[in-house]
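> Mind looking over this structure? Questions follow.
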Amino acid sequence: MTNSRMASFANEAFTDFTLEENQRAMKAALIKVRGELGGDYPLFIGGEKVMTAERTVSINPGNKDEIIGYVSKASVELVERAMNSALTAFESWKKTPAIERAQYLFDAADLMRLRKHEFSALMVLEAGKNYAEADADTAEAIDFLDFYAREMIRLSETNTIRPLTKLAGETNEITYIPLGVGAIIPPWNFPLAILAGMTSAAIVCGNTVLLKPASPTAVIAHKFVALMEEVGVPAGVINFVPGSGAEVGDYMTSHPKTRFINFTGSKEVGLRINRIASETAKGQIWIKRVVAELGGKDGIVVDETADLDQAASAIVASAFGFQGQKCSAGSRAVVVKSVYEEVLNKVADLTRKLQIGLPEDNYQAGPVIDRNSYDKILEYIEIGKREGRLVVGGEKAEGNGFYIQPTVFADVKSDARIMQEEIFGPVLAIAAAEDWKEAIDMYNDTEFGLTGAFFSRVEDRISYALEEMHCGNLYINRKCTGALVGVHPFGGFNMSGTDSKAGGYDYLLQFTQAKLTSRKNEA
Ligand SMILES: NC(=O)c1ccc[n+]([C@@H]2O[C@H](COP(=O)([O-])OP(=O)(O)OC[C@H]3O[C@@H](n4cnc5c(N)ncnc54)[C@H](O)[C@@H]3O)[C@@H](O)[C@H]2O)c1
Ligand SMILES: N[C@@H](CCC=O)C(=O)O
């Protein structure tokens, strides 16, 4: 069975919600999930479910009065217990054949596929995603499980697929062995896909992990861990320890037995983790490996030869999909001045058409994740009013949640704060450039380097953009969001991270160490 799966990786298809039957299926899943709201969720430590008195309350950002669930919070003592259980489990898990470890991921992918709308419905309620965004998140989680399972099998067969150069008289082999216990620290914005990808990649390589989810989406994180338990992943391989970033996070990253840290989140927290991890704790006998995928200030460049309708649609989709809360969000657009007003008008018209409302009613624009984000984004909008010309939005929006109008600022200078700092909300800054080369220079004028897009019909310019636009994921004549596993390996340059290329052929190498064995042949 495994061989046939190896031959046939294909991305999980997105659900077509224009079909009545699919709308009905999602609504039925929402009813089911709503019936389960308000539950109490434990930590998982070495197969034991641990409830604590202190809990995180997860709420619906689209309807602040609705409680999604109460999630137990790990203390430092409980994290220490989790570390011990991960260390114990590592001794047997690292010896479990790669093909068996991969099978758990295949099984989890199959089960998640069966319950697809249930996972998506929970994200509609807990993360404020509309149907398509939630469905894409679940599809990506399934893809990560399927893809990394295959990748582990491929890695375990390296000596056959990519044999070392032969040397007479010796048998030489290379094996990718696991590192040890890792800290997995994902963000809330792809609360299933990124969490599932970061965790499954680490464990399929034979590592064991402490998984600390982001607090706003700890219930969907629990649902994933429960699924992994259901398919039989042995106790202690995934230890689920939700808790405070400052307390639990710092403890995990500074722990002498932590071998690696797989982090996705903001630049600020990522740099802190990188600094703490670089210090050698008492008793530590290795250099910790840090994989850190961070923020972005992604942008779309449009020249005067481009299809301007397509460019405007891509700008709006990239800026406002999931309320701009994607690391890949196109929060900047740079347009050459001869078509600047035309593109701006098209973008403004499309933005005005975005309807705001409850994610469960499948509005295009929903709430942002929580009060902190809401306040921060509104502050940036005030900054934007000083730095540019407000064209659309600019205010909070109606609703019993964290709703903000999709907002467009025009005539913004390249060094403005709203062109330089990640806002992580529905705010787009547009700037004019003299010509396409200056537009590319303006695109590159950032400390980040995650995604970008270039719109043009001129081949020479496209070639130039392909070489000069400095980012990990560069797209031509399409939006800058929506990377697919296996198709668009994902990761950023500069302050956007370590360019780990999630969903790509190189990703697993980061959670392994290569051991070369050389044996003299009998004469
Ligand atoms: N490059 C990518 O692939 C990618 C993908 C998704 C999100 N992001 C970025 O993530 C950010 C949004 O997510 P967020 O708000 O959850 O980010 P965040 O940095 O606030 O939190 C990320 C995770 O770190 C934890 N954390 C907080 N303080 C910590 C500490 N001191 N030690 C250890 N862990 C700690 C949080 O609890 C959470 O689980 C944005 O900047 C976005 O661009 C990047
Ligand atoms: N991989 C996603 C972004 C992940 C970060 O938020 C995309 O390509 O849009």
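Scheme for the structure tokens: letters A, B, ... for chains in order shown; per-chain residue numbers from 1; ligand numbers from 1 in order shown.
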Got a sec to check which residues lie within 6 Å of ligand 2, using only C-alpha atoms and all ligand atoms, and send them as a PyMOL selection string?

chain A and resi 326-328+481-483

> Neighbouring residues of Ala136 of chain A were defined as those with any atom within 9 Å, considering only C-alpha atoms; residues of the same chain fewer than 6 positions away were excluded. Please report them as a PDB file with C-alpha atoms, in the first residue's frame.


```
ATOM      1  CA  GLU A  12      -6.202  17.410  -1.350  1.00  0.00           C
ATOM      2  CA  ALA A  13      -8.903  19.038  -3.484  1.00  0.00           C
ATOM      3  CA  PHE A  14     -10.571  22.158  -2.131  1.00  0.00           C
ATOM      4  CA  THR A  15     -14.304  21.929  -1.502  1.00  0.00           C
ATOM      5  CA  SER A 120     -12.874  23.180   9.203  1.00  0.00           C
ATOM      6  CA  ALA A 193      -2.154  23.124   8.854  1.00  0.00           C
ATOM      7  CA  GLY A 482      -1.926  30.200  -1.205  1.00  0.00           C
TER       8      GLY A 482
END
```

> What does the structure give for the distance between atom CA of Lys297 of chain A and atom CA of Glu422 of chain A, in Å to one decimal?

5.5 Å

> Go through the chains and note each residue within 7 Å of ligand 1, using only C-alpha atoms and all ligand atoms, then give the set as a ChimeraX atom specification.

/A:185-190,212-215,244-246,249-250,253,264-270,272-273,293-296,326-327,422,424,450,490-492,496-497

> For C-alpha atoms, I'd like the residues from the last selection saved as a JSON list (two decimals), in the first residue's frame.


```json
[["chain", "number", "residue", "atom", "x", "y", "z"],
["A", 185, "ILE", "CA", 5.76, 26.28, 18.68],
["A", 186, "PRO", "CA", 3.21, 27.17, 15.97],
["A", 187, "PRO", "CA", 1.12, 30.33, 15.42],
["A", 188, "TRP", "CA", -2.68, 30.67, 15.54],
["A", 189, "ASN", "CA", -3.27, 31.78, 11.93],
["A", 190, "PHE", "CA", -3.05, 28.35, 10.29],
["A", 212, "LYS", "CA", 2.93, 24.31, 22.71],
["A", 213, "PRO", "CA", 0.05, 25.67, 20.63],
["A", 214, "ALA", "CA", -0.91, 29.33, 20.29],
["A", 215, "SER", "CA", -3.47, 30.20, 22.96],
["A", 244, "SER", "CA", 2.03, 31.03, 28.40],
["A", 245, "GLY", "CA", 4.62, 31.85, 25.74],
["A", 246, "ALA", "CA", 6.73, 33.79, 28.20],
["A", 249, "GLY", "CA", 7.91, 28.88, 25.90],
["A", 250, "ASP", "CA", 11.07, 30.27, 27.50],
["A", 253, "THR", "CA", 13.60, 26.80, 24.55],
["A", 264, "THR", "CA", 6.60, 29.69, 13.32],
["A", 265, "GLY", "CA", 5.41, 33.11, 14.45],
["A", 266, "SER", "CA", 6.39, 36.73, 14.76],
["A", 267, "LYS", "CA", 9.84, 38.18, 14.16],
["A", 268, "GLU", "CA", 10.00, 39.44, 17.75],
["A", 269, "VAL", "CA", 9.35, 36.05, 19.38],
["A", 270, "GLY", "CA", 11.46, 34.22, 16.79],
["A", 272, "ARG", "CA", 14.03, 35.93, 21.21],
["A", 273, "ILE", "CA", 13.93, 32.15, 20.78],
["A", 293, "GLU", "CA", 9.63, 30.93, 10.05],
["A", 294, "LEU", "CA", 8.66, 34.52, 10.81],
["A", 295, "GLY", "CA", 6.66, 37.48, 9.57],
["A", 296, "GLY", "CA", 6.42, 39.22, 6.24],
["A", 326, "LYS", "CA", -1.33, 35.45, 6.66],
["A", 327, "CYS", "CA", 2.42, 35.73, 6.76],
["A", 422, "GLU", "CA", 3.95, 43.83, 9.54],
["A", 424, "PHE", "CA", -1.17, 41.38, 10.22],
["A", 450, "LEU", "CA", 8.74, 36.05, 2.40],
["A", 490, "PHE", "CA", 7.32, 27.69, 1.60],
["A", 491, "GLY", "CA", 9.77, 29.81, 3.59],
["A", 492, "GLY", "CA", 11.27, 33.27, 3.68],
["A", 496, "SER", "CA", 11.17, 36.32, 7.41],
["A", 497, "GLY", "CA", 13.06, 33.33, 8.71]]
```

> Can you tell me which residues surround segment 99-101 of chain A at a distance of at most 9 Å, considering only C-alpha atoms, apart from same-chain residues fewer than 6 positions away, and format the answer as number ranges by chain?

A: 2, 93, 149-150, 152-153, 156, 203-206, 233

> Can you tell me which residues surround Ala439 of chain A at a distance of at most 8 Å, considering only C-alpha atoms, apart from same-chain residues fewer than 6 positions away, and format the answer as a short mmCIF file (atom, residue, chain, number, x, y, z; two decimals) with N, CA and C atoms, in the first residue's frame?


```cif
data_model
loop_
_atom_site.label_atom_id
_atom_site.label_comp_id
_atom_site.auth_asym_id
_atom_site.auth_seq_id
_atom_site.Cartn_x
_atom_site.Cartn_y
_atom_site.Cartn_z
N VAL A 301 3.96 43.85 -7.26
CA VAL A 301 4.45 44.91 -8.15
C VAL A 301 3.68 44.81 -9.47
N VAL A 302 3.21 45.94 -9.97
CA VAL A 302 2.43 45.94 -11.22
C VAL A 302 3.04 46.94 -12.21
N VAL A 334 2.96 48.03 -5.22
CA VAL A 334 3.73 49.11 -5.86
C VAL A 334 3.36 49.09 -7.34
N VAL A 335 2.85 50.23 -7.83
CA VAL A 335 2.30 50.27 -9.19
C VAL A 335 2.98 51.41 -9.95
N VAL A 336 3.36 51.14 -11.21
CA VAL A 336 4.02 52.21 -11.97
C VAL A 336 3.02 53.33 -12.26
N ALA A 432 3.20 54.55 -5.56
CA ALA A 432 3.46 54.73 -7.00
C ALA A 432 4.97 54.72 -7.23
N ALA A 433 5.37 54.14 -8.38
CA ALA A 433 6.80 54.15 -8.76
C ALA A 433 6.92 54.81 -10.13
#
```

> Just to confirm, what's the straight-line distance from atom CA of Phe448 of chain A to atom CA of Arg332 of chain A in Å (one decimal)?

12.3 Å

> Write out as a list in words which residues come within 7 Å of Ala89 of chain A when counting only C-alpha atoms, dropping same-chain ones fewer than 6 positions away.

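Here the answer would be Thr208, Gly236 and Val237 of chain A.
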
> Can I get the selected residues back with C-alpha atoms, as a PDB file, in the first residue's frame?


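New file out.pdb:
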```pdb
ATOM      1  CA  THR A 208       9.610  13.204  20.083  1.00  0.00           C
ATOM      2  CA  GLY A 236       5.124  10.363  24.888  1.00  0.00           C
ATOM      3  CA  VAL A 237       5.826  10.988  21.207  1.00  0.00           C
TER       4      VAL A 237
END
```

> Taking into account only C-alpha atoms, which residue in the set A:Gln284, A:Ala329, A:Ala202, A:Leu111 is nearest to Phe224 of chain A?

A:Leu111

> Write down as an NGL selection string the residues belonging to segment 173-334 of chain A that are assigned helix (DSSP H, G or I) by DSSP computed on the backbone.

:A and (193-204 or 215-230 or 245-254 or 267-278 or 308-324)

> Measure the distance from atom CA of Leu211 of chain A to atom CA of Phe402 of chain A in Å and round it to one decimal.

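According to the coordinates, atom CA of Leu211 of chain A and atom CA of Phe402 of chain A are separated by 27.6 Å.
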
> Find the residue from A:Met51, A:Ala121, A:Met83, A:Ile383 that sits nearest to Ala28 of chain A; use only C-alpha atoms when measuring.

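The shortest atom-to-atom distance to Ala28 of chain A comes from A:Ala121.
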
> Given the choices A:Ala221, A:Met469, A:Ala102, A:Val248, which gets closest to Val76 of chain A if the distance is worked out from only C-alpha atoms?

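When distances to Val76 of chain A are compared using only C-alpha atoms, the smallest one comes from A:Val248.
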
> Looking at only C-alpha atoms, which of A:Val316, A:Leu195, A:Ile220, A:Ile261 is the one that sits closest to Tyr41 of chain A?

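Going through A:Val316, A:Leu195, A:Ile220, A:Ile261 one by one, the smallest distance to Tyr41 of chain A is for A:Ile220.
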
> If we count only C-alpha atoms and set the cut-off at 9 Å, which residues sit around Lys129 of chain A, ignoring sequence neighbours fewer than 3 positions away in its own chain? Please answer as a list of chain:residue names.

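Returned residues: A:Ser120, A:Ala121, A:Met123, A:Val124, A:Leu125, A:Glu126, A:Ala132, A:Glu133, A:Ala134, A:Asp135, A:Phe322, A:Gln323, A:Pro359, A:Glu360, A:Asn362, A:Ala365, A:Gly366, A:Pro367.
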
> Nearest residue to Ser463 of chain A out of A:Tyr475, A:Lys223, A:Gly69, A:Leu509, using only C-alpha atoms?

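Nearest to Ser463 of chain A: A:Tyr475.
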
> Taking the DSSP secondary structure from the backbone, can you list the residues of segment 70-234 of chain A that are strand (DSSP E or B), as a PyMOL selection string?

chain A and resi 70-72+170-178+181-185+208-211

> Applying 8 Å and only C-alpha atoms, which residues near segment 341-350 of chain A remain after dropping the ones on its own chain fewer than 5 positions away? List them as a PyMOL selection string.

chain A and resi 308-309+311-313+315-316+335+391-392+408+410+430
